[in-house]
>>> print(open('input02.cif').read())   # mmCIF, C-alpha atoms
data_my_file
#
loop_
_atom_site.label_atom_id
_atom_site.label_comp_id
_atom_site.auth_asym_id
_atom_site.auth_seq_id
_atom_site.Cartn_x
_atom_site.Cartn_y
_atom_site.Cartn_z
CA MET A 1 52.62 -43.39 -23.91
CA MET A 2 53.80 -44.98 -20.65
CA ARG A 3 53.89 -48.44 -22.29
CA LYS A 4 56.19 -47.06 -25.01
CA LEU A 5 58.56 -45.71 -22.35
CA PHE A 6 58.95 -49.01 -20.48
CA THR A 7 59.48 -51.45 -23.29
CA PRO A 8 62.20 -54.09 -22.91
CA ALA A 9 64.21 -52.21 -25.54
CA MET A 10 64.12 -49.00 -23.51
CA LEU A 11 64.97 -50.85 -20.31
CA LEU A 12 67.92 -52.52 -22.01
CA PHE A 13 69.06 -49.16 -23.37
CA ALA A 14 68.87 -47.56 -19.93
CA MET A 15 70.67 -50.44 -18.23
CA ARG A 16 73.37 -50.48 -20.92
CA LEU A 17 74.10 -46.80 -20.44
CA ALA A 18 73.94 -46.88 -16.65
CA LEU A 19 76.03 -50.01 -16.20
CA GLY A 20 78.47 -49.04 -18.96
CA GLY A 21 78.90 -45.55 -17.57
CA VAL A 22 79.55 -46.82 -14.05
CA LEU A 23 82.11 -49.36 -15.29
CA ILE A 24 83.96 -46.78 -17.41
CA TYR A 25 84.09 -44.32 -14.50
CA SER A 26 85.20 -47.04 -12.10
CA GLY A 27 87.95 -48.24 -14.44
CA LEU A 28 89.25 -44.73 -15.22
CA SER A 29 89.44 -43.87 -11.52
CA LYS A 30 91.83 -46.78 -10.97
CA VAL A 31 94.03 -46.59 -14.07
CA HIS A 32 96.88 -44.58 -12.56
CA GLY A 33 96.54 -45.94 -9.03
CA GLU A 34 97.39 -49.60 -9.62
CA TRP A 35 99.88 -49.75 -6.72
CA LYS A 36 97.34 -48.51 -4.20
CA PHE A 37 94.65 -50.71 -5.75
CA ALA A 38 96.91 -53.77 -5.38
CA GLU A 39 97.34 -52.93 -1.69
CA THR A 40 93.58 -52.56 -1.30
CA ILE A 41 92.93 -55.96 -2.91
CA ALA A 42 95.61 -57.52 -0.69
CA ASN A 43 93.92 -56.06 2.40
CA PHE A 44 90.98 -58.40 1.82
CA ARG A 45 93.36 -61.32 2.53
CA LEU A 46 91.72 -63.58 -0.03
CA LEU A 47 94.19 -64.15 -2.84
CA PRO A 48 97.97 -64.54 -3.11
CA ALA A 49 100.22 -61.57 -3.95
CA VAL A 50 100.72 -62.49 -7.62
CA ILE A 51 96.96 -62.67 -8.29
CA ASN A 52 96.37 -59.42 -6.37
CA GLN A 53 98.97 -57.63 -8.48
CA LEU A 54 97.66 -59.02 -11.79
CA ALA A 55 94.10 -58.15 -10.81
CA ALA A 56 95.10 -54.59 -9.91
CA VAL A 57 96.67 -54.11 -13.34
CA ILE A 58 94.01 -55.88 -15.46
CA LEU A 59 90.74 -55.07 -13.69
CA PRO A 60 90.55 -51.33 -14.50
CA TRP A 61 90.99 -52.07 -18.21
CA ALA A 62 88.46 -54.88 -18.09
CA GLU A 63 85.97 -52.43 -16.57
CA ILE A 64 86.69 -49.80 -19.22
CA SER A 65 86.44 -52.33 -22.08
CA ALA A 66 83.19 -53.86 -20.86
CA GLY A 67 81.78 -50.41 -20.15
CA LEU A 68 82.59 -49.10 -23.63
CA LEU A 69 81.07 -52.15 -25.30
CA LEU A 70 77.92 -51.80 -23.23
CA VAL A 71 77.55 -48.11 -24.04
CA CYS A 72 78.15 -48.74 -27.75
CA GLY A 73 75.79 -51.74 -27.77
CA ILE A 74 78.41 -54.15 -29.09
CA TRP A 75 78.76 -57.74 -27.84
CA LEU A 76 76.21 -57.03 -25.15
CA ARG A 77 76.03 -60.51 -23.68
CA ALA A 78 79.81 -60.90 -23.52
CA SER A 79 80.27 -57.54 -21.81
CA GLY A 80 77.26 -58.22 -19.57
CA LEU A 81 78.91 -61.49 -18.58
CA ILE A 82 82.12 -59.68 -17.64
CA ALA A 83 80.11 -57.15 -15.60
CA LEU A 84 78.29 -60.01 -13.86
CA LEU A 85 81.57 -61.75 -13.00
CA MET A 86 83.14 -58.54 -11.71
CA PHE A 87 80.21 -57.53 -9.51
CA SER A 88 79.97 -61.11 -8.22
CA ALA A 89 83.66 -61.05 -7.30
CA PHE A 90 83.31 -57.64 -5.61
CA SER A 91 80.29 -58.88 -3.65
CA ILE A 92 82.10 -62.02 -2.50
CA ALA A 93 85.09 -59.93 -1.37
CA VAL A 94 82.92 -57.50 0.59
CA ILE A 95 80.83 -60.26 2.19
CA SER A 96 84.02 -62.03 3.22
CA ALA A 97 85.42 -58.82 4.73
CA LEU A 98 82.18 -58.16 6.64
CA ALA A 99 82.06 -61.76 7.91
CA ARG A 100 85.64 -61.51 9.24
CA GLY A 101 85.21 -58.00 10.62
CA LEU A 102 87.94 -56.63 8.36
CA ASP A 103 88.37 -52.88 8.34
CA THR A 104 89.68 -51.87 4.94
CA GLU A 105 88.97 -49.62 2.00
CA CYS A 106 86.76 -51.08 -0.67
CA GLY A 107 88.79 -49.72 -3.60
CA CYS A 108 85.59 -48.36 -5.17
CA PHE A 109 85.99 -45.59 -7.73
CA GLY A 110 89.47 -44.83 -6.38
CA THR A 111 88.08 -43.39 -3.13
CA ASP A 112 88.96 -44.20 0.48
CA SER A 113 85.47 -45.37 1.40
CA ARG A 114 85.41 -48.47 3.60
CA ALA A 115 84.07 -51.85 2.51
CA GLY A 116 80.69 -52.13 4.17
CA TRP A 117 76.99 -52.74 3.67
CA HIS A 118 76.59 -49.73 1.38
CA THR A 119 79.32 -51.20 -0.86
CA LEU A 120 77.41 -54.45 -0.95
CA GLY A 121 74.29 -52.54 -1.92
CA VAL A 122 76.05 -50.89 -4.84
CA ASP A 123 77.45 -54.25 -5.96
CA ALA A 124 73.97 -55.77 -5.76
CA LEU A 125 72.63 -53.02 -8.03
CA GLY A 126 75.47 -53.67 -10.47
CA LEU A 127 74.67 -57.40 -10.41
CA ALA A 128 71.00 -56.72 -11.06
CA ALA A 129 71.80 -54.39 -13.97
CA ALA A 130 74.17 -56.99 -15.47
CA LEU A 131 71.51 -59.70 -15.17
CA ILE A 132 68.93 -57.45 -16.87
CA VAL A 133 71.35 -56.79 -19.73
CA LEU A 134 72.06 -60.51 -20.10
CA ALA A 135 68.37 -61.40 -20.04
CA LEU A 136 67.19 -58.69 -22.44
CA ALA A 137 70.10 -58.93 -24.85
CA ARG A 138 69.04 -62.46 -25.80
CA THR A 139 66.36 -61.15 -28.15
CA PRO A 140 66.91 -58.12 -30.37
CA ALA A 141 64.84 -54.97 -29.77
CA ARG A 142 61.85 -54.75 -32.12
CA GLY A 143 61.36 -51.34 -33.65
CA PRO A 144 58.07 -50.01 -35.03
CA ALA A 145 58.79 -51.28 -38.59
CA GLN A 146 59.18 -54.85 -37.38
CA VAL A 147 56.02 -54.61 -35.27
CA LYS A 148 53.99 -53.39 -38.31
CA SER A 149 55.32 -56.14 -40.60
CA ALA A 150 54.51 -58.83 -37.99
CA ALA A 151 50.98 -57.48 -37.73
CA MET B 152 43.01 -64.41 -62.98
CA GLU B 153 45.99 -65.79 -61.13
CA PRO B 154 45.71 -66.27 -57.37
CA PRO B 155 47.82 -63.84 -55.28
CA PRO B 156 51.24 -65.23 -54.16
CA PRO B 157 51.28 -66.70 -50.63
CA ALA B 158 52.24 -64.21 -47.89
CA PRO B 159 55.81 -64.61 -46.61
CA PRO B 160 56.04 -66.34 -43.19
CA ALA B 161 55.97 -63.96 -40.20
CA PRO B 162 59.44 -63.38 -38.68
CA SER B 163 60.18 -65.42 -35.56
CA HIS B 164 59.81 -63.38 -32.36
CA SER B 165 62.40 -65.32 -30.39
CA ALA B 166 65.29 -65.90 -32.78
CA PRO B 167 67.32 -62.81 -33.71
CA ALA B 168 68.10 -62.15 -37.35
CA GLY B 169 71.25 -63.98 -38.45
CA GLY B 170 70.81 -66.89 -35.91
CA SER B 171 71.21 -67.02 -32.10
CA GLU B 172 74.66 -66.90 -30.52
CA SER B 173 75.43 -69.68 -28.07
CA TRP B 174 76.78 -69.01 -24.60
CA CYS B 175 80.06 -70.62 -25.70
CA THR B 176 80.48 -67.89 -28.30
CA GLU B 177 79.68 -65.22 -25.72
CA ALA B 178 82.16 -66.75 -23.27
CA LEU B 179 84.84 -66.74 -25.98
CA ARG B 180 84.07 -63.10 -26.71
CA ALA B 181 84.30 -62.30 -23.01
CA ALA B 182 87.66 -64.09 -22.84
CA ALA B 183 88.87 -62.07 -25.85
CA ILE B 184 87.82 -58.83 -24.14
CA LEU B 185 89.65 -59.86 -20.96
CA LEU B 186 92.79 -60.80 -22.91
CA LEU B 187 92.81 -57.40 -24.62
CA ALA B 188 92.25 -55.72 -21.26
CA ALA B 189 95.14 -57.70 -19.79
CA ALA B 190 97.41 -56.65 -22.67
CA ALA B 191 96.43 -53.00 -22.21
CA GLY B 192 96.85 -53.12 -18.44
CA ILE B 193 100.24 -54.83 -18.51
CA THR B 194 101.52 -52.41 -21.19
CA VAL B 195 100.33 -49.30 -19.31
CA ASN B 196 101.76 -50.69 -16.04
CA TYR B 197 105.16 -51.17 -17.70
CA PHE B 198 105.35 -47.45 -18.48
CA GLN B 199 104.16 -46.25 -15.08
CA ALA B 200 106.56 -44.27 -12.88
CA ARG B 201 106.04 -46.94 -10.19
CA PRO B 202 105.00 -50.16 -11.95
CA VAL B 203 103.37 -52.93 -9.95
CA PRO B 204 105.70 -55.97 -9.88
CA LEU B 205 103.46 -58.56 -11.50
CA PHE B 206 105.01 -61.88 -10.55
CA SER B 207 106.54 -61.03 -7.21
CA SER B 208 105.38 -62.55 -3.94
CA ASN B 209 106.42 -59.29 -2.24
CA GLY B 210 105.16 -55.89 -3.32
CA PRO B 211 101.85 -54.11 -2.98
CA GLY B 212 99.81 -57.29 -3.52
CA ALA B 213 101.32 -59.09 -0.53
CA TRP B 214 99.15 -59.33 2.57
CA PRO B 215 100.21 -56.67 5.08
CA GLU B 216 102.15 -58.03 8.04
CA LEU B 217 100.46 -57.80 11.37
CA ALA B 218 101.86 -54.71 13.06
CA GLU B 219 102.71 -54.59 16.74
CA ARG B 220 99.66 -53.97 18.90
CA ILE B 221 99.08 -51.84 21.94
CA THR B 222 96.16 -52.46 24.28
CA ILE B 223 93.84 -49.76 25.57
CA GLU B 224 95.12 -50.49 29.10
CA GLN B 225 98.67 -49.72 27.98
CA VAL B 226 97.44 -46.42 26.48
CA LEU B 227 95.73 -45.59 29.78
CA ASN B 228 98.95 -46.37 31.67
CA LEU B 229 100.89 -44.03 29.40
CA LEU B 230 98.36 -41.25 29.93
CA ASN B 231 98.33 -41.83 33.70
CA THR B 232 102.13 -41.52 33.76
CA ARG B 233 101.86 -38.24 31.83
CA ARG B 234 103.32 -39.56 28.58
CA SER B 235 102.12 -38.04 25.31
CA VAL B 236 99.98 -40.08 22.98
CA LEU B 237 98.85 -39.46 19.41
CA ILE B 238 95.78 -41.34 18.19
CA VAL B 239 95.84 -41.66 14.40
CA ASP B 240 92.29 -42.54 13.47
CA VAL B 241 92.41 -44.15 10.02
CA ARG B 242 88.66 -44.70 9.74
CA SER B 243 86.62 -42.84 7.15
CA GLU B 244 85.78 -39.18 7.72
CA ALA B 245 82.11 -40.10 8.10
CA ASP B 246 82.84 -42.62 10.88
CA PHE B 247 85.16 -40.15 12.58
CA LYS B 248 82.56 -37.40 12.46
CA GLN B 249 79.96 -39.69 14.01
CA ALA B 250 82.12 -40.43 17.06
CA HIS B 251 85.82 -40.18 17.81
CA ALA B 252 88.35 -39.99 20.61
CA ARG B 253 88.27 -36.62 22.30
CA LYS B 254 91.59 -34.84 22.41
CA SER B 255 93.14 -33.77 25.70
CA PRO B 256 96.37 -32.00 26.72
CA GLN B 257 98.18 -35.33 26.69
CA MET B 258 96.38 -37.04 23.86
CA GLU B 259 96.14 -35.62 20.35
CA VAL B 260 93.78 -37.08 17.79
CA LEU B 261 94.17 -37.00 14.01
CA ASN B 262 91.83 -38.40 11.39
CA ILE B 263 93.57 -39.43 8.20
CA PRO B 264 91.90 -42.27 6.25
CA SER B 265 94.38 -45.10 5.73
CA GLY B 266 94.38 -44.87 1.94
CA ALA B 267 95.47 -41.23 2.04
CA PHE B 268 97.88 -41.49 4.96
CA LEU B 269 101.18 -41.76 3.11
CA ASP B 270 100.18 -38.96 0.71
CA TYR B 271 99.54 -36.73 3.72
CA TYR B 272 102.79 -37.81 5.35
CA HIS B 273 104.88 -36.89 2.34
CA ARG B 274 102.96 -33.71 1.61
CA TYR B 275 103.04 -32.33 5.17
CA PRO B 276 106.45 -32.67 6.88
CA ALA B 277 104.88 -31.38 10.09
CA LEU B 278 103.14 -34.74 10.41
CA ALA B 279 106.47 -36.56 10.65
CA VAL B 280 107.60 -34.05 13.27
CA LEU B 281 104.39 -34.56 15.25
CA ILE B 282 104.71 -38.35 15.16
CA SER B 283 108.35 -38.22 16.27
CA SER B 284 107.50 -35.89 19.15
CA LYS B 285 105.07 -38.30 20.81
CA ASP B 286 105.89 -41.07 23.25
CA MET B 287 103.39 -43.36 21.58
CA VAL B 288 101.36 -43.29 18.38
CA ALA B 289 98.34 -45.60 18.29
CA VAL B 290 96.72 -46.30 14.93
CA LEU B 291 92.99 -46.72 15.43
CA CYS B 292 90.74 -48.70 13.08
CA SER B 293 87.08 -49.70 13.21
CA SER B 294 87.74 -53.18 14.46
CA ALA B 295 90.43 -55.61 15.58
CA GLU B 296 91.11 -56.89 12.07
CA CYS B 297 92.66 -53.93 10.34
CA PRO B 298 94.92 -54.64 7.39
CA SER B 299 94.85 -51.00 6.30
CA GLY B 300 95.93 -49.93 9.79
CA ASP B 301 98.69 -52.54 9.73
CA ARG B 302 99.93 -51.00 6.46
CA VAL B 303 100.01 -47.50 7.98
CA ALA B 304 101.88 -48.72 11.07
CA ASN B 305 104.34 -50.81 9.03
CA SER B 306 104.99 -47.91 6.66
CA LEU B 307 105.70 -45.58 9.58
CA ARG B 308 108.08 -48.09 11.15
CA GLU B 309 109.90 -48.34 7.80
CA LEU B 310 110.20 -44.55 7.98
CA ARG B 311 111.98 -45.05 11.33
CA HIS B 312 109.08 -44.19 13.59
CA ASN B 313 109.49 -46.94 16.19
CA ASN B 314 106.85 -45.52 18.50
CA VAL B 315 103.90 -46.67 16.35
CA ARG B 316 101.50 -49.45 17.27
CA VAL B 317 98.00 -50.48 16.19
CA LEU B 318 95.39 -50.19 18.92
CA HIS B 319 94.25 -53.70 19.79
CA GLY B 320 90.51 -54.07 19.20
CA GLY B 321 90.25 -50.75 17.38
CA TRP B 322 87.37 -48.37 17.97
CA ILE B 323 85.35 -51.14 19.60
CA SER B 324 87.82 -51.46 22.47
CA TYR B 325 88.30 -47.68 22.69
CA ARG B 326 84.56 -47.25 23.08
CA LYS B 327 84.46 -49.71 25.97
CA SER B 328 87.28 -47.95 27.82
CA GLU B 329 87.03 -44.96 30.14
CA LEU B 330 88.74 -42.68 27.61
CA PRO B 331 86.64 -39.70 26.48
CA VAL B 332 84.60 -39.78 23.29
CA GLU B 333 83.26 -36.92 21.22
CA GLU B 334 80.08 -37.60 19.31
CA GLU B 335 78.22 -35.75 16.58
CA PRO B 336 75.21 -34.02 18.11
CA ARG B 337 71.92 -35.65 17.01
#
>>> encode(input="input02.cif", output="structure tokens")
Amino acid sequence: MMRKLFTPAMLLFAMRLALGGVLIYSGLSKVHGEWKFAETIANFRLLPAVINQLAAVILPWAEISAGLLLVCGIWLRASGLIALLMFSAFSIAVISALARGLDTECGCFGTDSRAGWHTLGVDALGLAAALIVLALARTPARGPAQVKSAA
Amino acid sequence: MEPPPPAPPAPSHSAPAGGSESWCTEALRAAAILLLAAAAGITVNYFQARPVPLFSSNGPGAWPELAERITIEQVLNLLNTRRSVLIVDVRSEADFKQAHARKSPQMEVLNIPSGAFLDYYHRYPALAVLISSKDMVAVLCSSAECPSGDRVANSLRELRHNNVRVLHGGWISYRKSELPVEEEPR
């Protein structure tokens, strides 16, 4: 019974829903706060103004799109790749802020929480989930019918 | 009697039905998703009440200018000469609760996280009155590098509050000074 619960297919399903849900929530929380989000990105002092502004406008929709595709199980590797790139970028930004002692909001889920080690922890979990989706989505899930025919 | 037909070959465990997709195809799909997201984002931004200027070097995406600083020694001098000081602590509520500047008859302390500051300012006119009534307003961050604190200070100066500075060194320098601290009981 326990083996049936922890099959790669079930793990992929769980990761898809968790990662997709988090991305959709994160994107929706930023959709009508692009101005403030642009300021938050600029506070990290990494990229020029034009890139910060484009990122503030595009990123929420990229999160929502990737999240929806993950939840629906469509183009899993492509959406997993986008999730991996986003969480990598977030992690790099937070690490850079911590290294320079920058005190700023992280821009996470539209809240005022500061960029810190807990933010990095959340990004690491997102990275891990994206990697699991990418790894498991390479082979299709095998249902009971396929297992019987192979036997 | 005819021999039974040969059994069909077992399906491959590694290759998905319909052939495997290369990483190039996945990258192209990811690019298509990002292009659609960009189109959606730019369209929605266009119809916002306050759209983000996309190709401007000024605007919300510009790095905040370094606001004028005030040292902890200057704050002490002000307090010693009986001037009124307002400490605007823009750290998170959790950090503030853990330890913060203790208020005194001459020194008031407010905690408003930097991201919410302007909302509070516009929602509560009494805040503008309070800021104007003080000889000095010191914005306090966690550390010396405080872009969010710079934004708050610059915004207040644009609103004609010329008595606003960012505390040099932030909470770290406050902690080292002789000014009183209130901590959460353990």
>>> closest_residue(input="input02.cif", among="A:Ala62, A:Leu28, A:Met86, A:Leu102", to="Leu127 of chain A", atoms="all atoms listed in the file")
A:Met86
>>> closest_atom_pairs(input="input02.cif", of="segment 38-65 of chain A", to="segment 289-302 of chain B", cutoff="12 Å", atoms="all atoms listed in the file", output="CSV")
residue,atom,partner,partner_atom,distance
A:Glu39,CA,B:Ser299,CA,8.6
A:Thr40,CA,B:Ser299,CA,7.9
A:Ile41,CA,B:Pro298,CA,10.6
A:Ala42,CA,B:Pro298,CA,8.6
A:Asn43,CA,B:Pro298,CA,5.3
A:Phe44,CA,B:Pro298,CA,7.8
A:Arg45,CA,B:Pro298,CA,8.4
>>> resolve_selection(input="input02.cif", expression="the PyMOL selection byres ((chain B and resi 178-193) around 10)", output="ChimeraX atom specification")
/A:31,34,54-66,69,75-83 /B:173-177,194-198,202-203,205
>>> closest_residue(input="input02.cif", among="A:Leu68, A:Ser88, A:Ala130, A:Glu105", to="Gly20 of chain A", atoms="all atoms listed in the file")
A:Leu68
>>> residues_around(input="input02.cif", residues="Leu269 of chain B", least_positions_apart="4", cutoff="12 Å", atoms="all atoms listed in the file", output="NGL selection string")
(:A and (36)) or (:B and (241 or 263-265 or 273-276 or 278-279 or 299-300 or 302-307 or 309-310))
>>> atom_distance(input="input02.cif", atom1="atom CA of Val315 of chain B", atom2="atom CA of Trp35 of chain A")
23.6 Å
>>> build_atoms(input="input02.cif", residues="segment 66-95 of chain A", atoms="N, CA and C atoms", output="JSON list (two decimals), keeping the file's coordinate frame")
[["chain", "number", "residue", "atom", "x", "y", "z"],
["A", 66, "ALA", "N", 84.58, -53.40, -20.95],
["A", 66, "ALA", "CA", 83.19, -53.86, -20.86],
["A", 66, "ALA", "C", 82.24, -52.67, -20.88],
["A", 67, "GLY", "N", 82.62, -51.60, -20.19],
["A", 67, "GLY", "CA", 81.78, -50.41, -20.15],
["A", 67, "GLY", "C", 81.59, -49.79, -21.53],
["A", 68, "LEU", "N", 82.68, -49.68, -22.28],
["A", 68, "LEU", "CA", 82.59, -49.10, -23.63],
["A", 68, "LEU", "C", 81.72, -49.95, -24.54],
["A", 69, "LEU", "N", 81.88, -51.26, -24.45],
["A", 69, "LEU", "CA", 81.07, -52.15, -25.30],
["A", 69, "LEU", "C", 79.60, -52.05, -24.93],
["A", 70, "LEU", "N", 79.32, -51.93, -23.65],
["A", 70, "LEU", "CA", 77.92, -51.80, -23.23],
["A", 70, "LEU", "C", 77.32, -50.50, -23.75],
["A", 71, "VAL", "N", 78.06, -49.41, -23.60],
["A", 71, "VAL", "CA", 77.55, -48.11, -24.04],
["A", 71, "VAL", "C", 77.34, -48.10, -25.56],
["A", 72, "CYS", "N", 78.26, -48.72, -26.28],
["A", 72, "CYS", "CA", 78.15, -48.74, -27.75],
["A", 72, "CYS", "C", 77.19, -49.83, -28.26],
["A", 73, "GLY", "N", 76.74, -50.70, -27.35],
["A", 73, "GLY", "CA", 75.79, -51.74, -27.77],
["A", 73, "GLY", "C", 76.41, -52.86, -28.59],
["A", 74, "ILE", "N", 77.70, -53.11, -28.34],
["A", 74, "ILE", "CA", 78.41, -54.15, -29.09],
["A", 74, "ILE", "C", 78.69, -55.32, -28.14],
["A", 75, "TRP", "N", 78.49, -56.55, -28.64],
["A", 75, "TRP", "CA", 78.76, -57.74, -27.84],
["A", 75, "TRP", "C", 78.16, -57.60, -26.44],
["A", 76, "LEU", "N", 76.88, -57.35, -26.42],
["A", 76, "LEU", "CA", 76.21, -57.03, -25.15],
["A", 76, "LEU", "C", 76.28, -58.18, -24.14],
["A", 77, "ARG", "N", 76.05, -59.40, -24.64],
["A", 77, "ARG", "CA", 76.03, -60.51, -23.68],
["A", 77, "ARG", "C", 77.42, -60.79, -23.13],
["A", 78, "ALA", "N", 78.44, -60.66, -23.99],
["A", 78, "ALA", "CA", 79.81, -60.90, -23.52],
["A", 78, "ALA", "C", 80.19, -59.86, -22.48],
["A", 79, "SER", "N", 79.90, -58.59, -22.77],
["A", 79, "SER", "CA", 80.27, -57.54, -21.81],
["A", 79, "SER", "C", 79.37, -57.61, -20.57],
["A", 80, "GLY", "N", 78.13, -58.02, -20.74],
["A", 80, "GLY", "CA", 77.26, -58.22, -19.57],
["A", 80, "GLY", "C", 77.77, -59.33, -18.69],
["A", 81, "LEU", "N", 78.33, -60.35, -19.33],
["A", 81, "LEU", "CA", 78.91, -61.49, -18.58],
["A", 81, "LEU", "C", 80.11, -61.03, -17.76],
["A", 82, "ILE", "N", 80.95, -60.20, -18.37],
["A", 82, "ILE", "CA", 82.12, -59.68, -17.64],
["A", 82, "ILE", "C", 81.66, -58.83, -16.46],
["A", 83, "ALA", "N", 80.64, -57.98, -16.70],
["A", 83, "ALA", "CA", 80.11, -57.15, -15.60],
["A", 83, "ALA", "C", 79.56, -58.03, -14.49],
["A", 84, "LEU", "N", 78.85, -59.09, -14.87],
["A", 84, "LEU", "CA", 78.29, -60.01, -13.86],
["A", 84, "LEU", "C", 79.40, -60.66, -13.04],
["A", 85, "LEU", "N", 80.45, -61.11, -13.71],
["A", 85, "LEU", "CA", 81.57, -61.75, -13.00],
["A", 85, "LEU", "C", 82.25, -60.77, -12.06],
["A", 86, "MET", "N", 82.43, -59.53, -12.54],
["A", 86, "MET", "CA", 83.14, -58.54, -11.71],
["A", 86, "MET", "C", 82.32, -58.19, -10.47],
["A", 87, "PHE", "N", 81.03, -57.90, -10.67],
["A", 87, "PHE", "CA", 80.21, -57.53, -9.51],
["A", 87, "PHE", "C", 80.03, -58.72, -8.56],
["A", 88, "SER", "N", 80.03, -59.93, -9.09],
["A", 88, "SER", "CA", 79.97, -61.11, -8.22],
["A", 88, "SER", "C", 81.24, -61.20, -7.37],
["A", 89, "ALA", "N", 82.39, -60.98, -8.03],
["A", 89, "ALA", "CA", 83.66, -61.05, -7.30],
["A", 89, "ALA", "C", 83.74, -59.96, -6.23],
["A", 90, "PHE", "N", 83.30, -58.74, -6.60],
["A", 90, "PHE", "CA", 83.31, -57.64, -5.61],
["A", 90, "PHE", "C", 82.42, -57.99, -4.43],
["A", 91, "SER", "N", 81.24, -58.55, -4.72],
["A", 91, "SER", "CA", 80.29, -58.88, -3.65],
["A", 91, "SER", "C", 80.87, -59.94, -2.72],
["A", 92, "ILE", "N", 81.50, -60.94, -3.31],
["A", 92, "ILE", "CA", 82.10, -62.02, -2.50],
["A", 92, "ILE", "C", 83.19, -61.43, -1.61],
["A", 93, "ALA", "N", 84.00, -60.54, -2.16],
["A", 93, "ALA", "CA", 85.09, -59.93, -1.37],
["A", 93, "ALA", "C", 84.52, -59.13, -0.21],
["A", 94, "VAL", "N", 83.49, -58.34, -0.47],
["A", 94, "VAL", "CA", 82.92, -57.50, 0.59],
["A", 94, "VAL", "C", 82.24, -58.36, 1.66],
["A", 95, "ILE", "N", 81.50, -59.37, 1.22],
["A", 95, "ILE", "CA", 80.83, -60.26, 2.19],
["A", 95, "ILE", "C", 81.87, -60.94, 3.08]]
